[in-house]
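One structure below.
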Protein chains: 2
Amino acid sequence: MSKAKGSRAERELFHKFWEQGFAVCRSAGSGSTTKPAPDLLAGDGEKIFAIECKSIKGTKKYFDVNEIVQLNLFANTFGAEAWLAIRFDKVGWFFIQSNNLEKSKGESLLLSLEYMRKKGFNFEELIGKYRQKKLKGHNR
Amino acid sequence: MSKAKGSRAERELFHKFWEQGFAVCRSAGSGSTTKPAPDLLAGDGEKIFAIECKSIKGTKKYFDVNEIVQLNLFANTFGAEAWLAIRFDKVGWFFIQSNNLEKSKGESLLLSLEYMRKKGFNFEELIGKYRQKKLKGHNR
């Protein structure tokens with residue numbers, strides 16, 4: 001994934017969350033620090049998503065497991081849910097919680113379109129699922 | 001305030017929060033977007049601070065009120081407390097919640113060392129005050 005492309009995908013998602021009533025912080029990145037930093041941190045007063053964005057050209061790609069370790073570390077400390085947002089070219093976005101990823105071997109983590117079609121959410125499902133829960137809660 | 005200096009102050013604070021058990025996100029800034037973005041967003045699973053950092057050379061300086069409006073907008077949407085962190089040269093840091101600032105006239109907001117000495121907290125007080133509340137809560 002090119003850096004510019006990853007950045008475009010990230011900005012696209014940034015705006016999607018704002019449109020849905022979330023405030024979103026784009027991280028300045030970990031260039032100047034060794035501290036973990038998710039690409040996006042989105043909150044709406046009830047839910048907080050710490051999100052690592054990935055843009056994939058084909059149908060699968062390997063990533064460094066350490067990225068997930070760092071994402072989880074940040075999310076657990078901050079008090080957020082750790083999610084991956086994966087954008088497949090010509091297909092679109094899939095969202096998956098970091099604890100629901102495919103088991104990986106060693107240092108590599110496989111992200112595949114096939115697995116995301118089975119286990120991932122699209123953006124509307126991600127937001128809708130949670131908003132629905134909220135509504136049910138209010139009706140109690 | 002020079003940009004480099006503001007950035008140094010921001011990084012200093014970034015590390016202070018991590019040392020105190022917070023996860024901190026440094027915002028990529030609002031350069032590429034019109035959405036509000038605090039300099040830092042720090043959370044520890046209970047409390048979330050949305051922070052605008054200021055570095056001041058003398059004992060007072062005027063700022064654009066709109067910066068506070070934007071900070072409040074972000075904080076209210078995200079579900080965070082809106083705070084200003086002001087670093088006075090040769091004196092140090094003061095922290096003040098945005099709703100506790102000096103009344104301003106028109107578009108300008110005055111940040112003064114005199115006012116901060118009366119109404120502001122230092123970092124230890126900011127963290128300590130809140131941690132103490134937490135402990136009291138646990139003892140109930």
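Each chain of the structure tokens is named A, B, ... in the order shown, its residues numbered from 1; ligands are numbered from 1 in display order.
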
Selection: 12 Å around segment 114-128 of chain A, only C-alpha atoms, excl. self and same-chain fewer than 3 positions, as JSON, numbers by chain: {"A": [12, 13, 14, 16, 17, 18, 19, 20, 21, 22, 42, 43, 44, 47, 48, 49, 58, 59, 60, 61, 83, 84, 85, 86, 87, 88, 91, 92, 93, 94, 95, 96, 97, 98, 99, 100, 101, 102, 103, 110, 111, 131, 132, 133, 134, 135]}

Create the file for the chosen residues now, containing C-alpha atoms and written as a PDB file, in the first residue's frame.
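The resulting again-v4.pdb:
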```pdb
ATOM      1  CA  GLU A  12     -12.320   9.111   3.749  1.00  0.00           C
ATOM      2  CA  LEU A  13     -13.119   7.240   6.950  1.00  0.00           C
ATOM      3  CA  PHE A  14     -12.441  10.320   9.060  1.00  0.00           C
ATOM      4  CA  LYS A  16     -17.621   9.133   7.356  1.00  0.00           C
ATOM      5  CA  PHE A  17     -17.426   9.143  11.169  1.00  0.00           C
ATOM      6  CA  TRP A  18     -17.963  12.906  11.451  1.00  0.00           C
ATOM      7  CA  GLU A  19     -21.061  12.575   9.231  1.00  0.00           C
ATOM      8  CA  GLN A  20     -22.414   9.993  11.689  1.00  0.00           C
ATOM      9  CA  GLY A  21     -22.088  12.300  14.686  1.00  0.00           C
ATOM     10  CA  PHE A  22     -18.676  11.212  15.931  1.00  0.00           C
ATOM     11  CA  ALA A  42     -13.556   8.306  17.047  1.00  0.00           C
ATOM     12  CA  GLY A  43     -16.000   8.992  19.883  1.00  0.00           C
ATOM     13  CA  ASP A  44     -19.616  10.068  20.237  1.00  0.00           C
ATOM     14  CA  LYS A  47     -18.572   4.578  22.245  1.00  0.00           C
ATOM     15  CA  ILE A  48     -14.915   5.036  21.361  1.00  0.00           C
ATOM     16  CA  PHE A  49     -13.273   3.340  18.405  1.00  0.00           C
ATOM     17  CA  GLY A  58      -5.738  -7.308  -4.201  1.00  0.00           C
ATOM     18  CA  THR A  59      -7.735  -9.752  -2.097  1.00  0.00           C
ATOM     19  CA  LYS A  60      -5.226 -10.409   0.678  1.00  0.00           C
ATOM     20  CA  LYS A  61      -2.129  -9.086   2.331  1.00  0.00           C
ATOM     21  CA  TRP A  83     -10.861  -2.072  15.358  1.00  0.00           C
ATOM     22  CA  LEU A  84      -9.279  -2.594  11.964  1.00  0.00           C
ATOM     23  CA  ALA A  85     -10.761  -0.764   8.996  1.00  0.00           C
ATOM     24  CA  ILE A  86      -9.725  -2.426   5.762  1.00  0.00           C
ATOM     25  CA  ARG A  87     -10.433  -0.932   2.363  1.00  0.00           C
ATOM     26  CA  PHE A  88     -10.237  -3.370  -0.537  1.00  0.00           C
ATOM     27  CA  VAL A  91     -14.882  -3.511  -3.123  1.00  0.00           C
ATOM     28  CA  GLY A  92     -14.939  -1.084  -0.224  1.00  0.00           C
ATOM     29  CA  TRP A  93     -14.598  -1.014   3.531  1.00  0.00           C
ATOM     30  CA  PHE A  94     -14.743  -3.828   6.036  1.00  0.00           C
ATOM     31  CA  PHE A  95     -14.503  -3.431   9.806  1.00  0.00           C
ATOM     32  CA  ILE A  96     -13.400  -6.038  12.286  1.00  0.00           C
ATOM     33  CA  GLN A  97     -12.594  -5.908  15.982  1.00  0.00           C
ATOM     34  CA  SER A  98      -8.974  -6.805  16.676  1.00  0.00           C
ATOM     35  CA  ASN A  99      -9.906  -9.771  18.873  1.00  0.00           C
ATOM     36  CA  ASN A 100     -11.894 -11.273  16.002  1.00  0.00           C
ATOM     37  CA  LEU A 101      -9.041 -11.492  13.489  1.00  0.00           C
ATOM     38  CA  GLU A 102      -7.902 -14.649  11.745  1.00  0.00           C
ATOM     39  CA  LYS A 103      -5.397 -16.625  13.799  1.00  0.00           C
ATOM     40  CA  LEU A 110      -3.228 -12.292   7.085  1.00  0.00           C
ATOM     41  CA  LEU A 111      -6.019  -9.919   6.118  1.00  0.00           C
ATOM     42  CA  ARG A 131     -26.967   2.478  17.561  1.00  0.00           C
ATOM     43  CA  GLN A 132     -29.598  -0.271  17.608  1.00  0.00           C
ATOM     44  CA  LYS A 133     -28.219  -1.537  20.910  1.00  0.00           C
ATOM     45  CA  LYS A 134     -28.430   2.003  22.239  1.00  0.00           C
ATOM     46  CA  LEU A 135     -32.095   2.316  21.215  1.00  0.00           C
TER      47      LEU A 135
END
```

At most 10 Å to chain B: residues in chain A, only C-alpha atoms, as a count of residues only: 38

Alpha helix (DSSP H) positions in chain A, given as a ChimeraX atom specification: /A:3-19,65-78,113-119,123-139

Members of chain B assigned strand (DSSP E) by DSSP, as a ChimeraX atom specification: /B:23-26,40-43,48-56,60-64,81-88,92-97,108-112

Only N, CA and C atoms, please: the residues just picked out, written as a short mmCIF file (atom, residue, chain, number, x, y, z; two decimals), in the first residue's frame.
```cif
data_model
loop_
_atom_site.label_atom_id
_atom_site.label_comp_id
_atom_site.auth_asym_id
_atom_site.auth_seq_id
_atom_site.Cartn_x
_atom_site.Cartn_y
_atom_site.Cartn_z
N ALA B 23 -3.28 6.92 27.75
CA ALA B 23 -2.91 6.78 26.34
C ALA B 23 -3.23 8.12 25.70
N VAL B 24 -2.33 8.61 24.87
CA VAL B 24 -2.50 9.95 24.31
C VAL B 24 -2.38 9.94 22.79
N CYS B 25 -3.31 10.62 22.15
CA CYS B 25 -3.28 10.77 20.70
C CYS B 25 -2.90 12.21 20.38
N ARG B 26 -1.82 12.39 19.59
CA ARG B 26 -1.46 13.74 19.11
C ARG B 26 -2.17 13.93 17.80
N LEU B 40 -4.09 17.46 21.81
CA LEU B 40 -3.92 16.15 22.44
C LEU B 40 -5.27 15.62 22.92
N LEU B 41 -5.39 14.31 22.89
CA LEU B 41 -6.57 13.64 23.41
C LEU B 41 -6.04 12.52 24.30
N ALA B 42 -6.26 12.65 25.61
CA ALA B 42 -5.69 11.71 26.57
C ALA B 42 -6.78 10.99 27.35
N GLY B 43 -6.69 9.68 27.43
CA GLY B 43 -7.69 8.90 28.15
C GLY B 43 -7.05 7.79 28.97
N ILE B 48 -11.41 11.47 30.03
CA ILE B 48 -10.82 11.85 28.75
C ILE B 48 -10.63 13.37 28.72
N PHE B 49 -9.39 13.77 28.45
CA PHE B 49 -9.07 15.19 28.32
C PHE B 49 -8.82 15.54 26.86
N ALA B 50 -9.58 16.51 26.32
CA ALA B 50 -9.27 17.09 25.00
C ALA B 50 -8.52 18.38 25.30
N ILE B 51 -7.29 18.47 24.82
CA ILE B 51 -6.40 19.55 25.26
C ILE B 51 -5.84 20.40 24.13
N GLU B 52 -5.98 21.69 24.29
CA GLU B 52 -5.33 22.66 23.40
C GLU B 52 -4.11 23.18 24.14
N CYS B 53 -2.95 23.10 23.52
CA CYS B 53 -1.70 23.53 24.17
C CYS B 53 -1.29 24.93 23.73
N LYS B 54 -0.83 25.70 24.67
CA LYS B 54 -0.33 27.04 24.37
C LYS B 54 1.01 27.25 25.06
N SER B 55 1.93 27.84 24.36
CA SER B 55 3.23 28.17 24.94
C SER B 55 3.38 29.69 24.87
N ILE B 56 3.59 30.31 26.03
CA ILE B 56 3.62 31.77 26.10
C ILE B 56 4.95 32.27 26.64
N LYS B 60 1.38 37.29 29.46
CA LYS B 60 0.02 37.21 28.92
C LYS B 60 0.02 37.26 27.40
N LYS B 61 -1.07 36.76 26.84
CA LYS B 61 -1.19 36.78 25.39
C LYS B 61 -2.66 36.64 25.01
N TYR B 62 -3.01 37.23 23.86
CA TYR B 62 -4.38 37.11 23.38
C TYR B 62 -4.50 35.99 22.36
N PHE B 63 -5.62 35.28 22.42
CA PHE B 63 -5.89 34.22 21.46
C PHE B 63 -7.26 34.40 20.85
N ASP B 64 -7.47 33.76 19.74
CA ASP B 64 -8.75 33.80 19.04
C ASP B 64 -9.77 32.95 19.80
N GLU B 81 -13.56 16.12 28.39
CA GLU B 81 -13.51 17.43 29.03
C GLU B 81 -12.58 18.33 28.22
N ALA B 82 -12.96 19.58 28.03
CA ALA B 82 -12.15 20.52 27.25
C ALA B 82 -11.23 21.30 28.18
N TRP B 83 -9.93 21.16 27.98
CA TRP B 83 -8.94 21.83 28.82
C TRP B 83 -7.92 22.60 27.99
N LEU B 84 -7.43 23.69 28.57
CA LEU B 84 -6.28 24.39 27.98
C LEU B 84 -5.05 24.09 28.83
N ALA B 85 -3.97 23.79 28.15
CA ALA B 85 -2.68 23.59 28.83
C ALA B 85 -1.78 24.72 28.38
N ILE B 86 -1.37 25.55 29.33
CA ILE B 86 -0.61 26.75 28.97
C ILE B 86 0.76 26.70 29.64
N ARG B 87 1.78 26.79 28.81
CA ARG B 87 3.13 26.72 29.34
C ARG B 87 3.76 28.10 29.28
N PHE B 88 4.01 28.69 30.46
CA PHE B 88 4.67 29.99 30.52
C PHE B 88 6.17 29.76 30.64
N GLY B 92 6.35 27.38 33.83
CA GLY B 92 5.85 26.01 33.71
C GLY B 92 4.41 25.93 33.24
N TRP B 93 3.83 24.77 33.48
CA TRP B 93 2.50 24.48 32.96
C TRP B 93 1.37 24.90 33.91
N PHE B 94 0.30 25.39 33.32
CA PHE B 94 -0.96 25.58 34.04
C PHE B 94 -2.08 24.95 33.21
N PHE B 95 -3.06 24.40 33.93
CA PHE B 95 -4.18 23.74 33.27
C PHE B 95 -5.49 24.36 33.73
N ILE B 96 -6.36 24.61 32.77
CA ILE B 96 -7.65 25.20 33.13
C ILE B 96 -8.73 24.68 32.19
N GLN B 97 -9.88 24.36 32.77
CA GLN B 97 -10.98 23.86 31.95
C GLN B 97 -11.56 25.02 31.15
N SER B 108 -11.35 38.14 21.04
CA SER B 108 -10.07 37.85 21.69
C SER B 108 -10.23 37.29 23.09
N LEU B 109 -9.35 36.39 23.40
CA LEU B 109 -9.35 35.76 24.70
C LEU B 109 -7.99 36.00 25.35
N LEU B 110 -8.00 36.51 26.56
CA LEU B 110 -6.73 36.78 27.24
C LEU B 110 -6.33 35.60 28.12
N LEU B 111 -5.12 35.12 27.92
CA LEU B 111 -4.56 34.13 28.83
C LEU B 111 -3.42 34.80 29.58
N SER B 112 -3.57 34.91 30.91
CA SER B 112 -2.53 35.60 31.69
C SER B 112 -2.02 34.73 32.83
#
```

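Pairwise distance (atom CA of Thr34 of chain B, atom CA of Lys90 of chain A) equals 27.9 Å.
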